[in-house]
Structure formats: C-alpha cells, structure tokens
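Data from structure_4.csv: CSV, C-alpha atoms
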chain,number,residue,atom,x,y,z
C,1,MET,CA,-28.0,-49.1,-33.4
C,2,ASN,CA,-30.8,-49.9,-35.8
C,3,ILE,CA,-31.8,-46.5,-37.4
C,4,TYR,CA,-34.6,-45.9,-40.0
C,5,VAL,CA,-35.3,-42.8,-41.9
C,6,LEU,CA,-38.8,-42.1,-43.4
C,7,LEU,CA,-38.2,-40.3,-46.7
C,8,LYS,CA,-40.6,-38.7,-49.2
C,9,ARG,CA,-40.1,-37.7,-52.8
C,10,THR,CA,-41.5,-34.1,-53.3
C,11,PHE,CA,-41.5,-31.3,-55.9
C,12,ASP,CA,-38.4,-29.2,-56.1
C,13,THR,CA,-39.0,-26.1,-53.9
C,14,GLU,CA,-38.0,-24.0,-56.9
C,15,GLU,CA,-40.5,-25.7,-59.2
C,16,LYS,CA,-43.5,-23.8,-60.6
C,17,ILE,CA,-46.6,-25.8,-59.8
C,18,THR,CA,-49.2,-26.2,-62.6
C,19,LEU,CA,-52.5,-28.0,-62.6
C,20,ALA,CA,-54.1,-30.2,-65.3
C,21,ASN,CA,-57.6,-31.6,-65.1
C,22,GLY,CA,-57.7,-30.9,-61.4
C,23,LYS,CA,-54.5,-32.6,-60.6
C,24,ILE,CA,-50.9,-31.4,-60.1
C,25,ASN,CA,-49.1,-31.7,-63.4
C,26,GLU,CA,-45.9,-33.8,-63.0
C,27,ASP,CA,-44.8,-33.7,-66.6
C,28,GLY,CA,-41.3,-32.2,-66.8
C,29,ALA,CA,-41.3,-31.4,-63.0
C,30,GLU,CA,-38.2,-31.8,-61.0
C,31,PHE,CA,-38.4,-33.9,-57.8
C,32,ILE,CA,-36.1,-34.0,-54.7
C,33,ILE,CA,-35.9,-35.4,-51.2
C,34,ASN,CA,-38.4,-33.6,-49.1
C,35,PRO,CA,-36.1,-30.9,-47.5
C,36,TYR,CA,-37.1,-31.8,-43.9
C,37,ASP,CA,-36.3,-35.4,-44.7
C,38,GLU,CA,-32.7,-34.3,-45.6
C,39,TYR,CA,-32.3,-33.2,-42.0
C,40,ALA,CA,-33.5,-36.6,-40.9
C,41,VAL,CA,-31.0,-38.4,-43.2
C,42,GLU,CA,-28.1,-36.2,-42.0
C,43,GLU,CA,-29.0,-36.8,-38.3
C,44,ALA,CA,-29.3,-40.5,-38.8
C,45,ILE,CA,-25.9,-40.6,-40.3
C,46,GLN,CA,-24.4,-38.6,-37.5
C,47,VAL,CA,-26.0,-40.8,-34.8
C,48,ARG,CA,-24.7,-43.9,-36.6
C,49,ASP,CA,-21.2,-42.5,-36.8
C,50,ALA,CA,-21.3,-41.7,-33.1
C,51,GLN,CA,-23.2,-44.8,-31.8
C,52,GLY,CA,-22.5,-47.5,-34.4
C,53,GLY,CA,-25.1,-49.5,-36.3
C,54,GLU,CA,-26.7,-48.8,-39.7
C,55,VAL,CA,-29.1,-46.4,-41.4
C,56,THR,CA,-31.9,-47.6,-43.6
C,57,VAL,CA,-34.0,-45.1,-45.6
C,58,VAL,CA,-37.6,-46.1,-46.4
C,59,THR,CA,-40.1,-44.6,-48.8
C,60,VAL,CA,-43.6,-45.4,-50.0
C,61,GLY,CA,-44.3,-44.4,-53.6
C,62,ASN,CA,-43.4,-45.5,-57.2
C,63,GLU,CA,-40.4,-46.5,-59.2
C,64,PHE,CA,-39.4,-42.9,-59.7
C,65,ALA,CA,-38.6,-42.5,-56.0
C,66,GLU,CA,-35.5,-44.7,-56.6
C,67,LYS,CA,-33.5,-41.5,-57.5
C,68,GLN,CA,-34.2,-39.9,-54.1
C,69,LEU,CA,-33.3,-43.1,-52.2
C,70,ARG,CA,-30.1,-43.3,-54.2
C,71,THR,CA,-29.3,-39.7,-53.2
C,72,ALA,CA,-29.8,-40.6,-49.5
C,73,LEU,CA,-27.4,-43.6,-50.0
C,74,ALA,CA,-24.9,-41.3,-51.6
C,75,MET,CA,-25.2,-39.0,-48.5
C,76,GLY,CA,-24.1,-41.9,-46.4
C,77,ALA,CA,-27.1,-44.1,-45.6
C,78,ASP,CA,-26.4,-47.9,-45.6
C,79,LYS,CA,-29.5,-49.4,-47.1
C,80,ALA,CA,-32.6,-48.3,-49.0
C,81,VAL,CA,-36.1,-49.7,-49.2
C,82,LEU,CA,-38.7,-48.7,-51.8
C,83,ILE,CA,-42.3,-49.9,-51.1
C,84,ASN,CA,-43.8,-49.6,-54.5
C,85,ILE,CA,-47.6,-49.2,-54.3
C,86,GLU,CA,-48.2,-47.7,-57.8
C,87,GLU,CA,-50.1,-50.7,-59.1
C,88,ASP,CA,-51.8,-51.6,-55.8
C,89,VAL,CA,-53.2,-48.3,-54.4
C,90,ALA,CA,-55.3,-46.0,-56.6
C,91,TYR,CA,-55.2,-43.2,-54.0
C,92,GLY,CA,-53.4,-43.0,-50.7
C,93,ASP,CA,-53.2,-40.6,-47.8
C,94,GLN,CA,-51.2,-40.2,-44.6
C,95,PHE,CA,-53.0,-43.2,-43.0
C,96,THR,CA,-52.0,-45.3,-46.1
C,97,THR,CA,-48.4,-44.4,-45.8
C,98,ALA,CA,-48.2,-44.8,-42.1
C,99,LYS,CA,-50.0,-48.2,-42.2
C,100,ILE,CA,-47.6,-49.5,-44.8
C,101,ILE,CA,-44.4,-48.3,-43.1
C,102,SER,CA,-45.4,-49.5,-39.7
C,103,LYS,CA,-46.2,-52.9,-41.2
C,104,TYR,CA,-42.7,-53.0,-42.7
C,105,LEU,CA,-41.0,-51.9,-39.5
C,106,LYS,CA,-43.0,-54.1,-37.2
C,107,ASP,CA,-40.5,-56.9,-37.0
C,108,LYS,CA,-37.4,-54.8,-37.7
C,109,ASP,CA,-36.8,-53.8,-34.0
C,110,PRO,CA,-35.9,-50.2,-34.8
C,111,ASP,CA,-34.0,-48.3,-32.0
C,112,LEU,CA,-34.5,-44.9,-33.6
C,113,ILE,CA,-36.8,-43.7,-36.4
C,114,ILE,CA,-36.3,-40.2,-37.8
C,115,ALA,CA,-38.8,-38.5,-40.2
C,116,GLY,CA,-39.1,-35.0,-41.5
C,117,ASN,CA,-41.3,-32.6,-39.5
C,118,VAL,CA,-43.6,-32.1,-42.5
C,119,ALA,CA,-43.6,-32.7,-46.2
C,120,ILE,CA,-43.5,-29.5,-48.2
C,121,ASP,CA,-46.2,-30.7,-50.6
C,122,GLY,CA,-48.9,-31.8,-48.1
C,123,GLY,CA,-47.6,-30.2,-44.9
C,124,SER,CA,-49.7,-32.4,-42.6
C,125,GLY,CA,-46.9,-33.7,-40.3
C,126,GLN,CA,-48.9,-36.9,-39.7
C,127,VAL,CA,-46.9,-39.8,-41.0
C,128,GLY,CA,-44.2,-39.9,-38.4
C,129,PRO,CA,-46.5,-39.7,-35.3
C,130,ARG,CA,-48.9,-42.2,-36.9
C,131,VAL,CA,-46.1,-44.7,-37.5
C,132,ALA,CA,-45.0,-44.3,-33.8
C,133,GLU,CA,-48.6,-44.9,-32.6
C,134,LEU,CA,-49.0,-48.0,-34.7
C,135,LEU,CA,-45.7,-49.4,-33.5
C,136,GLY,CA,-46.5,-48.5,-29.9
C,137,ILE,CA,-43.4,-46.4,-29.3
C,138,PRO,CA,-43.0,-42.8,-28.0
C,139,TYR,CA,-42.4,-39.9,-30.4
C,140,ILE,CA,-41.3,-36.3,-30.2
C,141,THR,CA,-41.8,-33.8,-33.0
C,142,THR,CA,-40.0,-30.7,-34.4
C,143,ILE,CA,-36.6,-31.6,-32.8
C,144,THR,CA,-33.6,-29.2,-33.1
C,145,GLN,CA,-31.2,-31.3,-31.0
C,146,LEU,CA,-30.7,-35.0,-30.3
C,147,LYS,CA,-28.4,-36.5,-27.6
C,148,ILE,CA,-28.1,-40.2,-27.0
C,149,ALA,CA,-26.3,-41.9,-24.2
C,150,GLY,CA,-26.9,-45.7,-24.2
C,151,THR,CA,-30.7,-46.0,-24.2
C,152,ASN,CA,-31.3,-42.6,-22.7
C,153,VAL,CA,-32.2,-39.7,-25.0
C,154,SER,CA,-32.4,-36.0,-24.4
C,155,VAL,CA,-34.2,-34.0,-27.1
C,156,THR,CA,-34.6,-30.3,-27.6
C,157,ARG,CA,-37.7,-29.4,-29.6
C,158,ASP,CA,-38.9,-26.2,-31.2
C,159,VAL,CA,-42.1,-24.8,-29.7
C,160,GLU,CA,-43.0,-21.7,-31.6
C,161,GLY,CA,-39.8,-19.7,-31.1
C,162,ASP,CA,-38.9,-21.2,-27.8
C,163,ALA,CA,-37.3,-24.5,-26.8
C,164,GLU,CA,-38.4,-27.5,-24.8
C,165,ILE,CA,-36.1,-30.2,-23.5
C,166,ILE,CA,-37.5,-33.7,-23.1
C,167,GLU,CA,-35.8,-36.8,-21.7
C,168,THR,CA,-36.9,-40.2,-22.8
C,169,SER,CA,-35.5,-43.6,-23.9
C,170,LEU,CA,-35.1,-45.8,-26.9
C,171,PRO,CA,-36.9,-47.0,-29.0
C,172,LEU,CA,-38.1,-43.6,-30.2
C,173,LEU,CA,-39.4,-41.8,-33.2
C,174,VAL,CA,-38.5,-38.1,-33.8
C,175,THR,CA,-39.3,-35.7,-36.5
C,176,ALA,CA,-36.6,-33.3,-37.7
C,177,GLN,CA,-37.0,-29.5,-37.8
C,178,GLN,CA,-34.9,-26.9,-39.6
C,179,GLY,CA,-31.9,-26.1,-37.4
C,180,LEU,CA,-31.2,-29.7,-36.3
C,181,ASN,CA,-28.2,-29.9,-38.6
C,182,GLU,CA,-26.8,-28.9,-42.0
C,183,PRO,CA,-27.4,-31.7,-44.5
C,184,ARG,CA,-24.3,-32.8,-46.5
C,185,TYR,CA,-24.1,-32.9,-50.2
C,186,PRO,CA,-23.5,-36.3,-51.8
C,187,SER,CA,-19.8,-36.6,-52.8
C,188,LEU,CA,-18.6,-38.2,-55.9
C,189,PRO,CA,-17.2,-41.2,-54.0
C,190,GLY,CA,-20.5,-41.4,-52.1
C,191,ILE,CA,-22.4,-41.5,-55.4
C,192,MET,CA,-20.2,-44.3,-56.7
C,193,LYS,CA,-20.6,-46.3,-53.5
C,194,ALA,CA,-24.4,-45.8,-53.5
C,195,ARG,CA,-24.6,-47.9,-56.7
C,196,LYS,CA,-23.4,-51.0,-54.8
C,197,LYS,CA,-25.3,-50.5,-51.5
C,198,PRO,CA,-28.3,-52.7,-50.7
C,199,PHE,CA,-31.5,-51.5,-52.4
C,200,GLU,CA,-34.7,-53.5,-51.8
C,201,GLU,CA,-38.0,-53.1,-53.6
C,202,LEU,CA,-41.2,-54.4,-52.0
C,203,GLU,CA,-44.9,-54.4,-52.8
C,204,LEU,CA,-48.0,-54.8,-50.6
C,205,ASP,CA,-48.0,-58.6,-51.1
C,206,ASP,CA,-44.6,-58.8,-49.6
C,207,LEU,CA,-45.9,-57.2,-46.5
C,208,GLU,CA,-49.0,-59.4,-46.4
C,209,LEU,CA,-51.2,-56.3,-47.0
C,210,GLU,CA,-54.3,-56.0,-49.2
C,211,GLU,CA,-55.5,-52.8,-50.8
C,212,ASP,CA,-58.4,-52.6,-48.4
C,213,ASP,CA,-56.0,-52.7,-45.5
C,214,VAL,CA,-54.5,-49.4,-46.5
C,215,ALA,CA,-57.4,-47.7,-48.1
C,216,ALA,CA,-57.3,-43.9,-47.6
C,217,LYS,CA,-59.3,-42.4,-44.8
C,218,THR,CA,-59.6,-39.0,-46.6
C,219,LYS,CA,-60.4,-37.8,-50.1
C,220,THR,CA,-59.2,-34.8,-52.0
C,221,ILE,CA,-62.1,-32.9,-53.3
C,222,GLU,CA,-60.4,-30.2,-55.2
C,223,ILE,CA,-56.9,-28.9,-55.9
C,224,TYR,CA,-56.4,-25.2,-56.9
C,225,LEU,CA,-53.8,-22.6,-56.9
C,226,PRO,CA,-54.0,-19.5,-54.7
C,227,PRO,CA,-55.4,-16.3,-56.4
C,228,LYS,CA,-52.7,-14.1,-57.9
C,229,LYS,CA,-51.8,-11.1,-55.8
C,230,GLU,CA,-52.4,-7.7,-57.4
C,231,ALA,CA,-49.5,-5.4,-57.8
C,232,GLY,CA,-48.8,-3.0,-55.0
C,233,LYS,CA,-49.1,0.7,-55.3
C,234,VAL,CA,-46.2,3.2,-54.8
C,235,LEU,CA,-47.3,6.4,-53.2
C,236,SER,CA,-45.6,9.6,-54.4
C,237,GLY,CA,-45.4,13.2,-53.2
C,238,ASP,CA,-44.3,14.5,-49.8
C,239,MET,CA,-45.1,12.7,-46.6
C,240,SER,CA,-48.4,14.5,-45.9
C,241,GLU,CA,-49.6,13.8,-49.5
C,242,GLN,CA,-48.7,10.1,-49.1
C,243,VAL,CA,-50.6,9.9,-45.8
C,244,LYS,CA,-53.7,11.4,-47.3
C,245,GLU,CA,-53.6,9.1,-50.3
C,246,LEU,CA,-53.0,6.1,-48.1
C,247,VAL,CA,-56.0,6.9,-45.9
C,248,GLN,CA,-58.1,7.3,-49.0
C,249,LEU,CA,-57.0,4.0,-50.4
C,250,LEU,CA,-57.6,2.2,-47.1
C,251,ARG,CA,-61.2,3.6,-47.1
C,252,SER,CA,-62.2,3.3,-50.7
C,253,GLU,CA,-60.3,0.2,-51.9
C,254,ALA,CA,-59.2,-1.9,-48.9
C,255,LYS,CA,-62.4,-0.8,-47.0
C,256,VAL,CA,-60.7,-1.3,-43.7
C,257,ILE,CA,-61.5,2.1,-42.3

Will you turn the file into structure tokens for me?
Amino acid sequence: MNIYVLLKRTFDTEEKITLANGKINEDGAEFIINPYDEYAVEEAIQVRDAQGGEVTVVTVGNEFAEKQLRTALAMGADKAVLINIEEDVAYGDQFTTAKIISKYLKDKDPDLIIAGNVAIDGGSGQVGPRVAELLGIPYITTITQLKIAGTNVSVTRDVEGDAEIIETSLPLLVTAQQGLNEPRYPSLPGIMKARKKPFEELELDDLELEEDDVAAKTKTIEIYLPPKKEAGKVLSGDMSEQVKELVQLLRSEAKVI
C-alpha cells in the first residue's frame, strides 16, 4: 500500500509565544511535529504493518523542518520528502501548501493519505481536504478509527461528542483526530535507522511550479496576543455574605444583572 502522511512543523505546545514587529518571534523557540500529525504518522505505520507497503512523510517548509521529518522516520516511516519553499515563496497560506503537495502527489498513485485534523498554530483544518479536492479523491475528516479490507474502508469519525461510521473505498484521504491511536516515541534503534532512510529535498522548480502558481489567496493583516485575564476574586465570609457580595460584583463590575 502506498501511504503518504502530510506533516507540519509547529511550535512546541509548551512554548510561550512572543511577538516581534507584528510577527511571531521564532528566535530560541522549540518546534515539534504538529501533535495531530503524530496521530497521522502512527496510524500510517500501523496500516503499513497490517497491509504492507511503505509510508512517506511529506512537508512544505524550510530546511529547519528536516528535524521533524527525521523524527517521523525514527518513529517508523520509510521515506521523507521536504519541499523547501523558503527562497521561492515570500508568503504562503493553506492554498499554497495544498497546491504544492497535490502537485507532488499527482503522479505518485497514493492509496491512502493521512493528515492531522488541524495544525495547532493555524487551526484551519484546510490543507488535507484541499489536497483531496485537487487530487479528485474522497476525504473524511476527524477520524477516530480506520479499518481497511482490500480496497474497502470503514471509518469512524468524531462529530461533536458522537460518532459517525462511513464506508468508502481507496484511494482516500483522512484527517486524524485525537483518540485515533497513541503515537509511539522514537526508539534509539529507530533514531539510528532514520539516518540511513531515504530523504528527498525538492523545490518548486522540481515540481514545475512557479511562484505565481502557488501565490497565497489570503493575507494576514495583524497578529496579536489575547488580552491578559485579570486575577479572579475570592469571596470570604459565610454563605449569605458571599452571595450578597457576588450579586453586587455581578451588578457593579461584570454588569450582567
């Protein structure tokens, strides 16, 4: 089975975000595989182990994304592809990424493509579905279970606290939701093997794309941090006194009554 995983390099979820000149300050920041993409990598490895084939992880970004791709290889993926657009694209968006990935995959005959449900930095959830649309294959989002028998596929997806079961067939693109699996940690042997696994780096020219072909459809006007929350108040006294104080605060400060 020919399996591809769409992977993104994102800020560490424990990282404190700061801004400089209206942009996110990356100096000294730690980066990781987008957590939802870890579910995608793990599921791809499990499908390969059960069905046979190989797993290729693909990302669009810059040279610094090599670290995250190597981590995916250490987890058990077979190949990695970095499409480096740092010198070609001044600004990109979800359209840009999807256009580039779909162009790369066009002649690869993928049976299964797995992406994360969303990226924790942008949270749009657009890239996976856009890639599927451009390739002309079906897609199912927010999956929590994947069963494959031949070319037949049964998928369970999360629908706001409930579950929906969908039956379809390969080729297919799915996006991974939390609960799909428990991503493995790279082992020391896996890290050593990752150094020798195929790693390909491409640019737009290699895909016969021009900068105008992948020009962003959206523009970021402003980036800002949410306002700091004020400290809460602790009410003292007996219950009746606390109730009176609470009512007074709701009327005078919160102005909700």

Write out as a compact mmCIF listing (two decimals) with C-alpha atoms, in the coordinates of the input which residues come within 7 Å of region 101-117 of chain C when counting all atoms listed in the file, dropping same-chain ones fewer than 5 positions away.
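Once everything was written out, this is result13.txt:
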# COMPACT_ATOMS: atom_id res chain seq x y z
CA MET C 1 -28.00 -49.10 -33.40
CA ASN C 2 -30.80 -49.90 -35.80
CA ILE C 3 -31.80 -46.50 -37.40
CA TYR C 4 -34.60 -45.90 -40.00
CA VAL C 5 -35.30 -42.80 -41.90
CA LEU C 6 -38.80 -42.10 -43.40
CA LEU C 7 -38.20 -40.30 -46.70
CA TYR C 36 -37.10 -31.80 -43.90
CA ASP C 37 -36.30 -35.40 -44.70
CA ALA C 40 -33.50 -36.60 -40.90
CA GLY C 125 -46.90 -33.70 -40.30
CA GLY C 128 -44.20 -39.90 -38.40
CA VAL C 131 -46.10 -44.70 -37.50
CA LEU C 134 -49.00 -48.00 -34.70
CA LEU C 135 -45.70 -49.40 -33.50
CA THR C 141 -41.80 -33.80 -33.00
CA THR C 142 -40.00 -30.70 -34.40
CA LEU C 170 -35.10 -45.80 -26.90
CA PRO C 171 -36.90 -47.00 -29.00
CA LEU C 172 -38.10 -43.60 -30.20
CA LEU C 173 -39.40 -41.80 -33.20
CA VAL C 174 -38.50 -38.10 -33.80
CA THR C 175 -39.30 -35.70 -36.50
CA ALA C 176 -36.60 -33.30 -37.70
CA GLN C 177 -37.00 -29.50 -37.80
CA LEU C 207 -45.90 -57.20 -46.50

Check: Residues at most 12 Å from Val256 (chain C), counting all atoms listed in the file, excluding those fewer than 5 positions away in the same chain, as a PyMOL selection string?
Finding: chain C and resi 246-251

What are the nearest atom pairs, with distances in Å to one decimal, for all residues of region 98-186 of chain C that come at most 12 Å from region 12-31 of chain C, using all atoms listed in the file, set out by chain and rising residue number as a tab-separated table?
residue	atom	partner	partner_atom	distance
C:Ala119	CA	C:Thr13	CA	11.1
C:Ile120	CA	C:Thr13	CA	8.0
C:Asp121	CA	C:Thr13	CA	9.2

Note to self: Distance cut-off 8 Å, centre (-47.4, -43.5, -44.2) in file coordinates, counting only C-alpha atoms: which residues qualify? Return them as a list in words.
What the structure shows: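 Taken together, the residues in range are Val60, Asp93, Gln94, Phe95, Thr96, Thr97, Ala98, Lys99, Ile100, Ile101, Ser102, Val127, Gly128, Arg130 and Val131 of chain C.
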
Next item on the list: Give the answer as one residue: which of C:Ser252, C:Thr71, C:Thr218, C:Gln51 has the shortest atom-to-atom distance to Ala149 (chain C), using all atoms listed in the file?
Entry: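 Of all the options, C:Gln51 lies closest to Ala149 (chain C).
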